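So this block is query-v1.txt, compact mmCIF, C-alpha atoms:
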# COMPACT_ATOMS: atom_id res chain seq x y z
CA MET Y 1 -6.89 -8.66 -15.86
CA GLU Y 2 -5.03 -8.57 -19.17
CA SER Y 3 -1.26 -8.10 -18.97
CA VAL Y 4 -0.45 -9.01 -15.37
CA ALA Y 5 -2.30 -12.31 -15.23
CA SER Y 6 -1.70 -13.18 -18.87
CA GLN Y 7 2.04 -12.99 -18.34
CA LEU Y 8 2.10 -14.99 -15.12
CA MET Y 9 -0.61 -17.66 -15.34
CA ASP Y 10 -1.30 -20.79 -17.37
CA ASP Y 11 -4.64 -21.77 -18.87
CA ARG Y 12 -5.57 -23.97 -15.91
CA ASP Y 13 -4.87 -21.33 -13.27
CA THR Y 14 -8.07 -19.76 -11.90
CA SER Y 15 -6.41 -17.99 -8.98
CA TRP Y 16 -5.97 -14.75 -10.93
CA GLU Y 17 -9.68 -14.72 -11.70
CA ARG Y 18 -10.42 -15.12 -7.99
CA ALA Y 19 -7.98 -12.35 -7.15
CA LEU Y 20 -9.59 -10.02 -9.68
CA ASP Y 21 -13.02 -10.85 -8.27
CA ALA Y 22 -11.82 -9.92 -4.76
CA VAL Y 23 -10.33 -6.64 -5.99
CA ARG Y 24 -13.44 -5.64 -7.95
CA PHE Y 25 -15.70 -6.61 -5.04
CA THR Y 26 -13.75 -4.48 -2.57
CA LEU Y 27 -12.74 -1.59 -4.83
CA ARG Y 28 -14.95 0.38 -7.14
CA VAL Y 29 -12.33 2.64 -8.64
CA PRO Y 30 -13.81 5.84 -10.11
CA SER Y 31 -12.50 6.61 -13.58
CA ALA Y 32 -11.44 10.06 -12.37
CA LEU Y 33 -9.16 8.45 -9.76
CA SER Y 34 -7.46 6.08 -12.19
CA THR Y 35 -7.05 8.95 -14.68
CA LEU Y 36 -5.54 11.14 -11.98
CA ILE Y 37 -3.14 8.41 -10.83
CA ARG Y 38 -2.10 7.39 -14.33
CA GLY Y 39 -1.37 10.94 -15.42
CA SER Y 40 0.20 12.08 -12.16
CA TYR Y 41 2.55 9.14 -11.87
CA ALA Y 42 3.60 9.54 -15.49
CA GLY Y 43 4.29 13.22 -14.89
CA ILE Y 44 1.78 14.54 -17.43
CA ILE Y 45 -0.79 16.02 -15.03
CA MET Y 46 -0.08 19.46 -13.65
CA PRO Y 47 -1.32 20.72 -10.24
CA LYS Y 48 -4.25 22.58 -11.84
CA ASP Y 49 -5.49 19.39 -13.54
CA PHE Y 50 -4.87 17.45 -10.36
CA MET Y 51 -7.15 19.78 -8.44
CA ARG Y 52 -9.83 19.51 -11.12
CA LEU Y 53 -9.87 15.71 -10.89
CA LEU Y 54 -10.10 15.65 -7.10
CA GLY Y 55 -13.88 15.86 -7.07
CA PHE Y 56 -14.51 12.14 -7.62
CA PRO Y 57 -16.96 10.34 -5.26
CA GLY Y 58 -15.25 8.97 -2.18
CA CYS Y 59 -12.25 11.27 -2.45
CA ASN Y 60 -10.84 12.00 1.00
CA SER Y 61 -9.04 15.22 0.13
CA ALA Y 62 -8.52 15.96 3.83
CA ALA Y 63 -6.01 13.09 3.82
CA LEU Y 64 -3.67 15.17 1.65
CA VAL Y 65 -3.82 18.08 4.08
CA ARG Y 66 -3.06 15.68 6.94
CA ALA Y 67 -0.17 14.19 5.00
CA ALA Y 68 1.29 17.59 4.20
CA HIS Y 69 1.01 19.07 7.67
CA MET Y 70 0.99 15.95 9.90
CA GLN Y 71 -2.02 17.30 11.78
CA PRO Y 72 -5.81 16.94 11.67
CA ALA Y 73 -7.58 18.76 8.88
CA LYS Y 74 -11.14 19.88 8.40
CA GLU Y 75 -13.49 17.28 6.93
CA GLN Y 76 -13.78 19.46 3.81
CA PRO Y 77 -10.65 21.58 3.39
CA ASN Y 78 -11.00 24.61 1.18
CA THR Y 79 -9.34 25.02 -2.21
CA GLU Y 80 -6.46 27.08 -0.86
CA GLU Y 81 -5.61 24.46 1.78
CA LEU Y 82 -5.71 21.68 -0.80
CA GLU Y 83 -3.57 23.58 -3.30
CA ALA Y 84 -0.99 24.26 -0.61
CA ALA Y 85 -0.95 20.59 0.39
CA VAL Y 86 -0.55 19.35 -3.20
CA ASP Y 87 2.16 21.93 -3.82
CA GLN Y 88 4.06 20.75 -0.73
CA LEU Y 89 3.66 17.01 -1.41
CA GLY Y 90 4.10 17.12 -5.17
CA VAL Y 91 1.62 15.69 -7.65
CA ARG Y 92 3.15 12.19 -7.80
CA SER Y 93 3.31 11.73 -4.01
CA ALA Y 94 -0.20 13.14 -3.60
CA ALA Y 95 -1.52 10.64 -6.16
CA VAL Y 96 0.16 7.71 -4.38
CA MET Y 97 -1.23 8.87 -1.03
CA LEU Y 98 -4.74 9.26 -2.45
CA SER Y 99 -4.59 5.76 -3.92
CA ILE Y 100 -3.49 4.19 -0.63
CA ASN Y 101 -6.16 6.13 1.24
CA PHE Y 102 -8.80 5.00 -1.27
CA VAL Y 103 -7.89 1.33 -0.84
CA CYS Y 104 -7.87 1.56 2.95
CA GLN Y 105 -11.17 3.46 2.99
CA SER Y 106 -12.74 0.88 0.65
CA VAL Y 107 -11.65 -1.96 2.93
CA LEU Y 108 -12.96 -0.13 6.01
CA ASP Y 109 -16.28 0.51 4.25
CA SER Y 110 -16.85 -3.24 4.52
CA SER Y 111 -16.85 -2.75 8.33
CA PRO Y 112 -14.23 -5.34 9.31
CA PRO Y 113 -13.61 -6.07 13.00
CA GLU Y 114 -11.03 -3.74 14.52
CA LYS Y 115 -8.83 -6.66 15.63
CA LEU Y 116 -8.38 -7.60 11.96
CA TRP Y 117 -7.91 -4.29 10.16
CA THR Y 118 -5.82 -2.36 12.68
CA PRO Y 119 -2.74 -4.66 12.67
CA ILE Y 120 -2.72 -4.86 8.86
CA MET Y 121 -2.95 -1.12 8.35
CA ARG Y 122 -0.38 -0.36 11.04
CA ASP Y 123 2.09 -2.80 9.49
CA MET Y 124 1.23 -1.46 6.05
CA MET Y 125 2.06 2.10 7.01
CA ASN Y 126 5.27 1.07 8.74
CA GLU Y 127 6.49 -0.34 5.41
CA VAL Y 128 5.03 2.53 3.38
CA GLU Y 129 7.03 4.98 5.50
CA VAL Y 130 10.16 2.81 5.38
CA GLY Y 131 9.70 2.68 1.59
CA TYR Y 132 9.38 6.45 1.48
CA HIS Y 133 12.65 7.02 3.36
CA PHE Y 134 14.39 4.35 1.30
CA GLY Y 135 13.13 5.88 -1.94
CA MET Y 136 14.35 9.32 -0.84
CA SER Y 137 17.86 7.87 -0.63
CA ALA Y 138 17.72 5.55 -3.67
CA ASP Y 139 18.50 7.63 -6.74
CA SER Y 140 16.87 5.28 -9.25
CA LEU Y 141 13.66 4.75 -7.23
CA GLY Y 142 12.30 7.89 -5.59
CA PRO Y 143 9.94 8.31 -2.61
CA GLU Y 144 6.73 7.73 -4.59
CA ALA Y 145 7.83 4.34 -5.88
CA GLY Y 146 9.26 3.59 -2.44
CA MET Y 147 5.84 4.08 -0.87
CA LEU Y 148 4.27 1.83 -3.51
CA VAL Y 149 6.85 -0.88 -2.83
CA GLY Y 150 5.92 -0.82 0.86
CA PHE Y 151 2.20 -0.70 0.08
CA SER Y 152 2.35 -3.59 -2.40
CA GLN Y 153 3.31 -6.03 0.35
CA TRP Y 154 0.09 -5.37 2.28
CA ALA Y 155 -2.46 -4.23 -0.32
CA GLY Y 156 -3.48 -7.78 -1.22
CA LEU Y 157 -4.05 -8.82 2.38
CA ALA Y 158 -6.21 -5.74 2.92
CA ILE Y 159 -8.29 -6.65 -0.15
CA LEU Y 160 -8.77 -10.25 1.03
CA LEU Y 161 -9.94 -8.90 4.39
CA GLY Y 162 -12.43 -6.60 2.69
CA ARG Y 163 -13.69 -9.45 0.51
CA ASN Y 164 -14.65 -11.79 3.34
CA HIS Y 165 -14.09 -11.04 7.02
CA ARG Y 166 -14.93 -14.55 8.21
CA ASP Y 167 -12.60 -16.34 5.81
CA PHE Y 168 -9.85 -13.91 6.71
CA SER Y 169 -10.42 -14.38 10.44
CA ASP Y 170 -10.34 -18.17 10.03
CA TRP Y 171 -7.09 -17.91 8.09
CA ILE Y 172 -5.53 -15.72 10.79
CA ASP Y 173 -6.72 -18.04 13.57
CA ALA Y 174 -5.20 -21.03 11.76
CA GLY Y 175 -1.83 -19.34 12.25
CA SER Y 176 -0.34 -20.83 9.10
CA PRO Y 177 1.84 -18.44 7.05
CA GLU Y 178 2.28 -20.85 4.12
CA ARG Y 179 1.10 -19.39 0.83
CA SER Y 180 -0.69 -22.63 0.01
CA GLN Y 181 -3.01 -21.86 2.91
CA GLN Y 182 -3.91 -18.52 1.33
CA LEU Y 183 -4.80 -20.34 -1.85
CA MET Y 184 -7.01 -22.77 0.07
CA ALA Y 185 -8.69 -20.05 2.11
CA PHE Y 186 -9.28 -17.43 -0.59
CA GLY Y 187 -8.77 -19.16 -3.93
CA CYS Y 188 -5.85 -16.83 -4.64
CA GLU Y 189 -2.78 -15.37 -2.98
CA ALA Y 190 -2.33 -11.92 -1.52
CA TYR Y 191 0.42 -10.94 -3.95
CA GLN Y 192 -2.00 -11.51 -6.86
CA ALA Y 193 -4.67 -9.28 -5.36
CA GLY Y 194 -2.06 -6.65 -4.49
CA SER Y 195 -0.68 -6.47 -8.02
CA LEU Y 196 -4.19 -6.20 -9.49
CA VAL Y 197 -4.96 -3.38 -7.05
CA LEU Y 198 -2.09 -1.38 -8.56
CA GLN Y 199 -3.33 -2.11 -12.07
CA GLN Y 200 -6.94 -1.20 -11.28
CA LEU Y 201 -5.86 2.06 -9.66
CA GLY Y 202 -4.08 3.12 -12.83
CA PHE Y 203 -0.39 2.54 -12.09
CA GLY Y 204 -0.13 0.40 -15.19
CA ALA Y 205 0.64 -3.17 -16.12
CA ASP Y 206 4.41 -2.82 -15.85
CA ILE Y 207 4.31 -1.75 -12.22
CA ALA Y 208 1.61 -4.33 -11.41
CA THR Y 209 3.70 -7.09 -12.97
CA ALA Y 210 6.84 -5.92 -11.17
CA ALA Y 211 4.91 -5.93 -7.89
CA ALA Y 212 3.56 -9.43 -8.52
CA ILE Y 213 7.00 -10.84 -9.26
CA SER Y 214 8.76 -9.07 -6.38
CA VAL Y 215 6.14 -9.63 -3.67
CA GLY Y 216 5.28 -13.13 -4.88
CA GLU Y 217 8.99 -13.95 -5.29
CA LEU Y 218 8.22 -15.51 -8.65
CA GLN Y 219 10.56 -16.84 -11.28
CA ALA Y 220 9.00 -15.43 -14.42
CA GLY Y 221 11.50 -16.28 -17.13
CA LEU Y 222 12.18 -13.53 -19.62
CA ILE Y 223 10.00 -11.03 -17.76
CA GLU Y 224 12.82 -10.74 -15.22
CA ALA Y 225 14.93 -9.00 -17.87
CA SER Y 226 12.80 -5.88 -17.43
CA PRO Y 227 14.79 -3.18 -15.59
CA GLN Y 228 11.66 -2.12 -13.72
CA VAL Y 229 11.11 -5.65 -12.44
CA GLN Y 230 14.72 -5.84 -11.29
CA THR Y 231 14.46 -2.48 -9.55
CA TRP Y 232 11.21 -3.39 -7.81
CA ARG Y 233 12.53 -6.76 -6.71
CA ALA Y 234 15.67 -5.17 -5.28
CA ALA Y 235 13.64 -2.42 -3.61
CA ARG Y 236 11.35 -5.01 -2.06
CA GLN Y 237 14.39 -6.76 -0.59
CA TRP Y 238 15.74 -3.49 0.76
CA VAL Y 239 12.46 -2.38 2.35
CA ARG Y 240 12.06 -5.77 3.98
CA ALA Y 241 15.62 -5.75 5.31
CA LEU Y 242 15.39 -2.19 6.64
CA SER Y 243 12.02 -2.96 8.26
CA ASN Y 244 13.67 -5.90 10.01
CA GLY Y 245 16.49 -3.75 11.39
CA GLU Y 246 19.14 -4.76 8.86
CA ASN Y 247 21.30 -2.21 7.05
CA TYR Y 248 21.02 -3.93 3.66
CA PRO Y 249 19.54 -7.11 2.18
CA ALA Y 250 21.49 -10.35 2.07
CA ASP Y 251 20.90 -10.76 -1.66
CA LYS Y 252 23.98 -9.49 -3.51
CA ALA Y 253 22.09 -8.49 -6.66
CA SER Y 254 19.70 -6.36 -4.60
CA GLN Y 255 22.61 -4.64 -2.88
CA GLU Y 256 24.25 -3.82 -6.20
CA ALA Y 257 21.00 -2.39 -7.59
CA PHE Y 258 21.41 0.55 -5.17
CA PRO Y 259 25.18 0.74 -4.59
CA GLU Y 260 24.95 4.22 -3.07
CA LEU Y 261 23.15 2.67 -0.08
CA VAL Y 262 25.66 -0.04 0.82
CA LEU Y 263 27.86 0.69 3.81
CA PRO Y 264 31.48 1.22 2.83
CA VAL Y 265 34.18 -1.14 4.06
CA MET Y 266 36.13 -0.30 7.18
CA SER Y 267 38.13 2.89 6.80
CA GLU Y 268 41.90 3.02 6.94
CA LEU Y 269 41.62 4.26 10.50
CA GLY Y 270 39.80 1.08 11.46
CA ARG Y 271 36.50 2.80 12.18
CA ASP Y 272 33.18 2.43 10.43
CA ALA Y 273 32.77 5.24 7.97
CA THR Y 274 29.01 5.83 7.63
CA PRO Y 275 28.25 8.54 5.07
CA GLU Y 276 25.87 11.26 6.19
CA HIS Y 277 23.09 10.24 3.79
CA LEU Y 278 23.17 6.67 5.15
CA ALA Y 279 23.26 7.86 8.76
CA MET Y 280 20.14 9.95 8.07
CA LEU Y 281 18.39 7.00 6.41
CA PHE Y 282 19.20 4.60 9.26
CA GLU Y 283 18.06 7.19 11.83
CA ALA Y 284 14.71 7.65 10.06
CA ILE Y 285 14.19 3.88 9.76
CA ALA Y 286 15.10 3.33 13.42
CA LYS Y 287 12.47 5.88 14.43
CA VAL Y 288 9.79 4.06 12.43
CA ARG Y 289 10.86 0.72 13.91
CA ASN Y 290 10.96 1.98 17.49
CA GLU Y 291 7.95 4.28 17.51
CA LYS Y 292 5.91 2.82 14.63
CA SER Y 293 4.69 5.02 11.83
CA ARG Y 294 2.71 8.03 12.92
CA TRP Y 295 1.27 8.53 9.46
CA THR Y 296 -2.52 8.38 9.53
CA TRP Y 297 -3.40 9.92 6.16
CA HIS Y 298 -4.53 6.47 4.99
CA LEU Y 299 -7.40 6.49 7.52
CA PRO Y 300 -10.84 8.10 7.28
CA LYS Y 301 -10.17 10.01 10.50
CA PRO Y 302 -7.00 11.56 11.99
CA SER Y 303 -6.30 8.66 14.37
CA TYR Y 304 -6.76 4.91 14.65
CA GLU Y 305 -9.06 5.42 17.63
CA ASP Y 306 -11.33 7.85 15.80
CA SER Y 307 -11.29 5.65 12.70
CA ALA Y 308 -12.18 2.57 14.76
CA ARG Y 309 -15.21 4.40 16.14
CA GLU Y 310 -16.19 5.39 12.61
CA VAL Y 311 -15.92 1.79 11.38
CA ALA Y 312 -17.91 0.57 14.39
CA LYS Y 313 -20.59 3.08 13.44
CA TYR Y 314 -20.64 1.66 9.88
CA ARG Y 315 -21.00 -1.85 11.29
CA SER Y 316 -23.86 -0.87 13.60
CA THR Y 317 -25.71 0.91 10.81
CA ARG Y 318 -25.30 -2.09 8.49
CA ALA Y 319 -26.49 -4.49 11.16
CA GLN Y 320 -29.60 -2.41 11.79
CA SER Y 321 -30.30 -2.14 8.07
CA SER Y 322 -29.91 -5.92 7.62
CA ALA Y 323 -32.23 -6.56 10.56
CA ARG Y 324 -34.91 -4.28 9.10
CA THR Y 325 -34.61 -5.96 5.69
CA LEU Y 326 -34.92 -9.39 7.29
CA THR Y 327 -38.01 -8.31 9.24
CA ILE Y 328 -39.71 -6.86 6.14
CA THR Y 329 -38.87 -9.95 4.06
CA SER Y 330 -40.24 -12.35 6.67
CA ARG Y 331 -43.61 -10.62 6.88
Could I get this file's structure written as C-alpha cells?
Amino acid sequence: MESVASQLMDDRDTSWERALDAVRFTLRVPSALSTLIRGSYAGIIMPKDFMRLLGFPGCNSAALVRAAHMQPAKEQPNTEELEAAVDQLGVRSAAVMLSINFVCQSVLDSSPPEKLWTPIMRDMMNEVEVGYHFGMSADSLGPEAGMLVGFSQWAGLAILLGRNHRDFSDWIDAGSPERSQQLMAFGCEAYQAGSLVLQQLGFGADIATAAAISVGELQAGLIEASPQVQTWRAARQWVRALSNGENYPADKASQEAFPELVLPVMSELGRDATPEHLAMLFEAIAKVRNEKSRWTWHLPKPSYEDSAREVAKYRSTRAQSSARTLTITSR
C-alpha cells in the first residue's frame, strides 16, 4: 500500500487499509503477471519474453486471440495463434488486456449474481473502448493508457462486488450514489480500490496515484504538479464527456491538455469544419454509445451469455461443496 495511500491519507484514515484488504481478497496476482505488466508497459519486454511469461496460473491467453480477431478462440490456443495475436495487438496493449481480463475473471470466480456483475462489466467495457479510441487520437496518451483510464473508473466497483456480494447488493438497492454511502457500506471508496488494483497489477505507483486523484476527483496539493496526474485527470474528463455524448469536456484545462481534439471554431464559410481525425473519433464513439461495446475479451467465455452460464456453474459447485462441508461438520 506504500506510495499511493501514503501520499493521499492521514494517520487516522483506515479506508485505504480496507481498500487494500478488498483488493487482496479478490485478487491474487501472480508474480509472473505483475512482472509481465510492469515490463510490457515500460517497453522493456519483447514479444519473446512476453510469450515466456504467459504461462502463469489463471492466464486466459484465449482472450488475446479474441481481442485480436474479434471472434471466439479455442480454449487453449496454440503458440502460433498466440504469437500472431500479440504481434497484432502489440505488447503494451496485450498486457493491458490481460490485466483487465484477470481482474474480471477474479471477480467472477467469486460467483456473483448475474444481475450485479453484468451491468458493471458492460459499462466498464463501454468506457474501456471509448478510452481506447480517445487514446488513439490523443498524441500524449495512447490507446493503452486510454483503456486504463476507462478501466480505472470501474475497477474499484468490480473489486467491491467480488469482496462481498451482499454488501454490494444492499448498496445498489439503497440507490444512493453519494460517496459517503460507499464508505459506510464498504469501509472504503471505489476509487481507492481501483487505484490499488493498478498498483497490485504492476502498473506502478505513479499511475495508481494518478488514477486515484482523477477518479476520486481529489485535491492533492503538490502531487497535482505531476504531468502524469494532469494528463490522467484530463483524460478522465474527456472519456467521461465522450461517453456521455459530448464532443469535449467542460473543464477548460482538460480541453487544453489535448488541443488536437478540440473542435475548431466556425470556418470563414460559416460551416463547422470538423477535421477528419475528429470525425473518425466521434463516429467510433457514437457506435459504442449506440450499440454498446462488443468487446468480450474481458470475459471467461466469448459472450456474456456463455460467461453467465459459466459463473452460474461456479455458484452451483460452490453451493454443493458448502452443503457437503456443513453436513460433514454437523455429524
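Using all atoms listed in the file, the nearest neighbour of Ala19 of chain Y within the list Y:Val103, Y:Leu160, Y:Val149, Y:Ile45 is Y:Leu160.
With atom CA of Gly202 of chain Y on one side and atom CA of Asp167 of chain Y on the other, the separation reads 28.3 Å.
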Could you check which of Y:Arg24, Y:Lys48, Y:Arg294, Y:Arg18 is closest to Val197 of chain Y, using all atoms listed in the file?
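Using all atoms listed in the file, Val197 of chain Y sits closest to Y:Arg24.
Restricting the calculation to all atoms listed in the file, the smallest distance between Ala63 of chain Y and any of Y:Ile172, Y:Leu299, Y:Ala193, Y:Ala312 is found for Y:Leu299.
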Gap from atom CA of Gly146 of chain Y to atom CA of Phe102 of chain Y - Å, one decimal
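Spanning atom CA of Gly146 of chain Y to atom CA of Phe102 of chain Y is a straight-line distance of 18.2 Å.
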Which residues are near Ala241 of chain Y? Cut-off 12 Å, all atoms listed in the file, ignore same chain within fewer than 3 positions. Put them as a PDB file with C-alpha atoms, keeping the file's coordinate frame.
ATOM      1  CA  GLU Y 127       6.490  -0.340   5.410  1.00  0.00           C
ATOM      2  CA  VAL Y 130      10.160   2.810   5.380  1.00  0.00           C
ATOM      3  CA  GLY Y 131       9.700   2.680   1.590  1.00  0.00           C
ATOM      4  CA  PHE Y 134      14.390   4.350   1.300  1.00  0.00           C
ATOM      5  CA  GLY Y 150       5.920  -0.820   0.860  1.00  0.00           C
ATOM      6  CA  ALA Y 234      15.670  -5.170  -5.280  1.00  0.00           C
ATOM      7  CA  ALA Y 235      13.640  -2.420  -3.610  1.00  0.00           C
ATOM      8  CA  ARG Y 236      11.350  -5.010  -2.060  1.00  0.00           C
ATOM      9  CA  GLN Y 237      14.390  -6.760  -0.590  1.00  0.00           C
ATOM     10  CA  TRP Y 238      15.740  -3.490   0.760  1.00  0.00           C
ATOM     11  CA  ASN Y 244      13.670  -5.900  10.010  1.00  0.00           C
ATOM     12  CA  GLY Y 245      16.490  -3.750  11.390  1.00  0.00           C
ATOM     13  CA  GLU Y 246      19.140  -4.760   8.860  1.00  0.00           C
ATOM     14  CA  ASN Y 247      21.300  -2.210   7.050  1.00  0.00           C
ATOM     15  CA  TYR Y 248      21.020  -3.930   3.660  1.00  0.00           C
ATOM     16  CA  PRO Y 249      19.540  -7.110   2.180  1.00  0.00           C
ATOM     17  CA  ALA Y 250      21.490 -10.350   2.070  1.00  0.00           C
ATOM     18  CA  ASP Y 251      20.900 -10.760  -1.660  1.00  0.00           C
ATOM     19  CA  SER Y 254      19.700  -6.360  -4.600  1.00  0.00           C
ATOM     20  CA  GLN Y 255      22.610  -4.640  -2.880  1.00  0.00           C
ATOM     21  CA  PHE Y 282      19.200   4.600   9.260  1.00  0.00           C
ATOM     22  CA  ILE Y 285      14.190   3.880   9.760  1.00  0.00           C
ATOM     23  CA  ARG Y 289      10.860   0.720  13.910  1.00  0.00           C
TER      24      ARG Y 289
END
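For the pair atom CA of Ser106 of chain Y and atom CA of Ile159 of chain Y, the separation is 8.8 Å.
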So which residues touch Pro143 of chain Y within 9 Å, counting all atoms listed in the file, skipping near sequence neighbours fewer than 3 positions away, as JSON, numbers by chain?
{"Y": [93, 131, 132, 133, 134, 135, 136, 137, 138, 146, 147, 148]}
Radius query 12 Å about (6.0, -16.5, -3.9), atoms used: all atoms listed in the file, as a PyMOL selection string:
chain Y and resi 8+153+177-180+182-183+188-192+211-220
Could you please take those selected residues and save C-alpha atoms as a tab-separated table (two decimals), keeping the file's coordinate frame?
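Output saved as again-v6.tsv:
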chain	number	residue	atom	x	y	z
Y	8	LEU	CA	2.10	-14.99	-15.12
Y	153	GLN	CA	3.31	-6.03	0.35
Y	177	PRO	CA	1.84	-18.44	7.05
Y	178	GLU	CA	2.28	-20.85	4.12
Y	179	ARG	CA	1.10	-19.39	0.83
Y	180	SER	CA	-0.69	-22.63	0.01
Y	182	GLN	CA	-3.91	-18.52	1.33
Y	183	LEU	CA	-4.80	-20.34	-1.85
Y	188	CYS	CA	-5.85	-16.83	-4.64
Y	189	GLU	CA	-2.78	-15.37	-2.98
Y	190	ALA	CA	-2.33	-11.92	-1.52
Y	191	TYR	CA	0.42	-10.94	-3.95
Y	192	GLN	CA	-2.00	-11.51	-6.86
Y	211	ALA	CA	4.91	-5.93	-7.89
Y	212	ALA	CA	3.56	-9.43	-8.52
Y	213	ILE	CA	7.00	-10.84	-9.26
Y	214	SER	CA	8.76	-9.07	-6.38
Y	215	VAL	CA	6.14	-9.63	-3.67
Y	216	GLY	CA	5.28	-13.13	-4.88
Y	217	GLU	CA	8.99	-13.95	-5.29
Y	218	LEU	CA	8.22	-15.51	-8.65
Y	219	GLN	CA	10.56	-16.84	-11.28
Y	220	ALA	CA	9.00	-15.43	-14.42
I'd like to know which of Y:Leu54, Y:Asp13, Y:Asp123, Y:Pro47 is closest to Pro30 of chain Y, using all atoms listed in the file.
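The answer is Y:Leu54, which sits nearest to Pro30 of chain Y.
With distances taken from (-13.4, -11.0, 5.4) and restricted to only C-alpha atoms, the residues inside 10 Å are Val107, Ser110, Ser111, Pro112, Pro113, Leu116, Trp117, Ala158, Ile159, Leu160, Leu161, Gly162, Arg163, Asn164, His165, Arg166, Asp167, Phe168, Ser169, Asp170, Trp171 and Phe186 of chain Y.
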Only C-alpha atoms, please: the residues just picked out, written as a PDB file, in the coordinates of the input.
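Saved to result33.pdb:
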ATOM      1  CA  VAL Y 107     -11.650  -1.960   2.930  1.00  0.00           C
ATOM      2  CA  SER Y 110     -16.850  -3.240   4.520  1.00  0.00           C
ATOM      3  CA  SER Y 111     -16.850  -2.750   8.330  1.00  0.00           C
ATOM      4  CA  PRO Y 112     -14.230  -5.340   9.310  1.00  0.00           C
ATOM      5  CA  PRO Y 113     -13.610  -6.070  13.000  1.00  0.00           C
ATOM      6  CA  LEU Y 116      -8.380  -7.600  11.960  1.00  0.00           C
ATOM      7  CA  TRP Y 117      -7.910  -4.290  10.160  1.00  0.00           C
ATOM      8  CA  ALA Y 158      -6.210  -5.740   2.920  1.00  0.00           C
ATOM      9  CA  ILE Y 159      -8.290  -6.650  -0.150  1.00  0.00           C
ATOM     10  CA  LEU Y 160      -8.770 -10.250   1.030  1.00  0.00           C
ATOM     11  CA  LEU Y 161      -9.940  -8.900   4.390  1.00  0.00           C
ATOM     12  CA  GLY Y 162     -12.430  -6.600   2.690  1.00  0.00           C
ATOM     13  CA  ARG Y 163     -13.690  -9.450   0.510  1.00  0.00           C
ATOM     14  CA  ASN Y 164     -14.650 -11.790   3.340  1.00  0.00           C
ATOM     15  CA  HIS Y 165     -14.090 -11.040   7.020  1.00  0.00           C
ATOM     16  CA  ARG Y 166     -14.930 -14.550   8.210  1.00  0.00           C
ATOM     17  CA  ASP Y 167     -12.600 -16.340   5.810  1.00  0.00           C
ATOM     18  CA  PHE Y 168      -9.850 -13.910   6.710  1.00  0.00           C
ATOM     19  CA  SER Y 169     -10.420 -14.380  10.440  1.00  0.00           C
ATOM     20  CA  ASP Y 170     -10.340 -18.170  10.030  1.00  0.00           C
ATOM     21  CA  TRP Y 171      -7.090 -17.910   8.090  1.00  0.00           C
ATOM     22  CA  PHE Y 186      -9.280 -17.430  -0.590  1.00  0.00           C
TER      23      PHE Y 186
END
Set the distance at 12 Å and use only C-alpha atoms: which residues neighbour Leu89 of chain Y once local chain neighbours fewer than 2 positions away are removed? I'd like the list as number ranges by chain.
Y: 47, 63-70, 82-87, 91-98, 143-144
Between Y:Ala308, Y:Ala62, Y:Val288, Y:Met51, which has the minimum distance to Asp109 of chain Y (counting all atoms listed in the file)?
Y:Ala308
Just need the box for segment 151-154 of chain Y, edges along x, y and z, holding every atom the file lists for it with 6 Å tacked onto each side, so centre and edge lengths in Å to one decimal, as JSON.
{"center_x": 1.7, "center_y": -3.4, "center_z": -0.1, "size_x": 15.2, "size_y": 17.3, "size_z": 16.7}
Taking into account only C-alpha atoms, which residue in the set Y:Glu114, Y:Gly194, Y:Ser152, Y:Ala286 is nearest to Asp306 of chain Y?
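Counting only C-alpha atoms, the residue closest to Asp306 of chain Y is Y:Glu114.
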Write out as a PyMOL selection string the residues lying within 10 Å of Thr296 of chain Y, counting all atoms listed in the file and excluding same-chain residues fewer than 3 positions away.
chain Y and resi 63+66-67+70-72+101+121-122+125+293+299-304+307
Using the atoms already present, construct N, CA and C atoms for segment 73-83 of chain Y and hand them back as a PDB file, keeping the file's coordinate frame.
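Saved to out.pdb:
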ATOM      1  N   ALA Y  73      -7.062  17.747   9.801  1.00  0.00           N
ATOM      2  CA  ALA Y  73      -7.580  18.760   8.880  1.00  0.00           C
ATOM      3  C   ALA Y  73      -9.100  18.764   8.962  1.00  0.00           C
ATOM      4  N   LYS Y  74      -9.688  19.818   8.455  1.00  0.00           N
ATOM      5  CA  LYS Y  74     -11.140  19.880   8.400  1.00  0.00           C
ATOM      6  C   LYS Y  74     -11.662  18.775   7.492  1.00  0.00           C
ATOM      7  N   GLU Y  75     -12.899  18.329   7.754  1.00  0.00           N
ATOM      8  CA  GLU Y  75     -13.490  17.280   6.930  1.00  0.00           C
ATOM      9  C   GLU Y  75     -13.503  17.676   5.453  1.00  0.00           C
ATOM     10  N   GLN Y  76     -13.763  18.950   5.180  1.00  0.00           N
ATOM     11  CA  GLN Y  76     -13.780  19.460   3.810  1.00  0.00           C
ATOM     12  C   GLN Y  76     -12.859  20.665   3.724  1.00  0.00           C
ATOM     13  N   PRO Y  77     -11.564  20.439   3.496  1.00  0.00           N
ATOM     14  CA  PRO Y  77     -10.650  21.580   3.390  1.00  0.00           C
ATOM     15  C   PRO Y  77     -10.992  22.435   2.181  1.00  0.00           C
ATOM     16  N   ASN Y  78     -10.686  23.719   2.291  1.00  0.00           N
ATOM     17  CA  ASN Y  78     -11.000  24.610   1.180  1.00  0.00           C
ATOM     18  C   ASN Y  78      -9.945  24.481   0.077  1.00  0.00           C
ATOM     19  N   THR Y  79     -10.209  25.142  -1.038  1.00  0.00           N
ATOM     20  CA  THR Y  79      -9.340  25.020  -2.210  1.00  0.00           C
ATOM     21  C   THR Y  79      -7.925  25.476  -1.912  1.00  0.00           C
ATOM     22  N   GLU Y  80      -7.793  26.562  -1.160  1.00  0.00           N
ATOM     23  CA  GLU Y  80      -6.460  27.080  -0.860  1.00  0.00           C
ATOM     24  C   GLU Y  80      -5.658  26.086  -0.031  1.00  0.00           C
ATOM     25  N   GLU Y  81      -6.302  25.455   0.949  1.00  0.00           N
ATOM     26  CA  GLU Y  81      -5.610  24.460   1.780  1.00  0.00           C
ATOM     27  C   GLU Y  81      -5.169  23.258   0.948  1.00  0.00           C
ATOM     28  N   LEU Y  82      -6.040  22.823   0.054  1.00  0.00           N
ATOM     29  CA  LEU Y  82      -5.710  21.680  -0.800  1.00  0.00           C
ATOM     30  C   LEU Y  82      -4.571  22.015  -1.759  1.00  0.00           C
ATOM     31  N   GLU Y  83      -4.637  23.180  -2.369  1.00  0.00           N
ATOM     32  CA  GLU Y  83      -3.570  23.580  -3.300  1.00  0.00           C
ATOM     33  C   GLU Y  83      -2.234  23.644  -2.591  1.00  0.00           C
TER      34      GLU Y  83
END
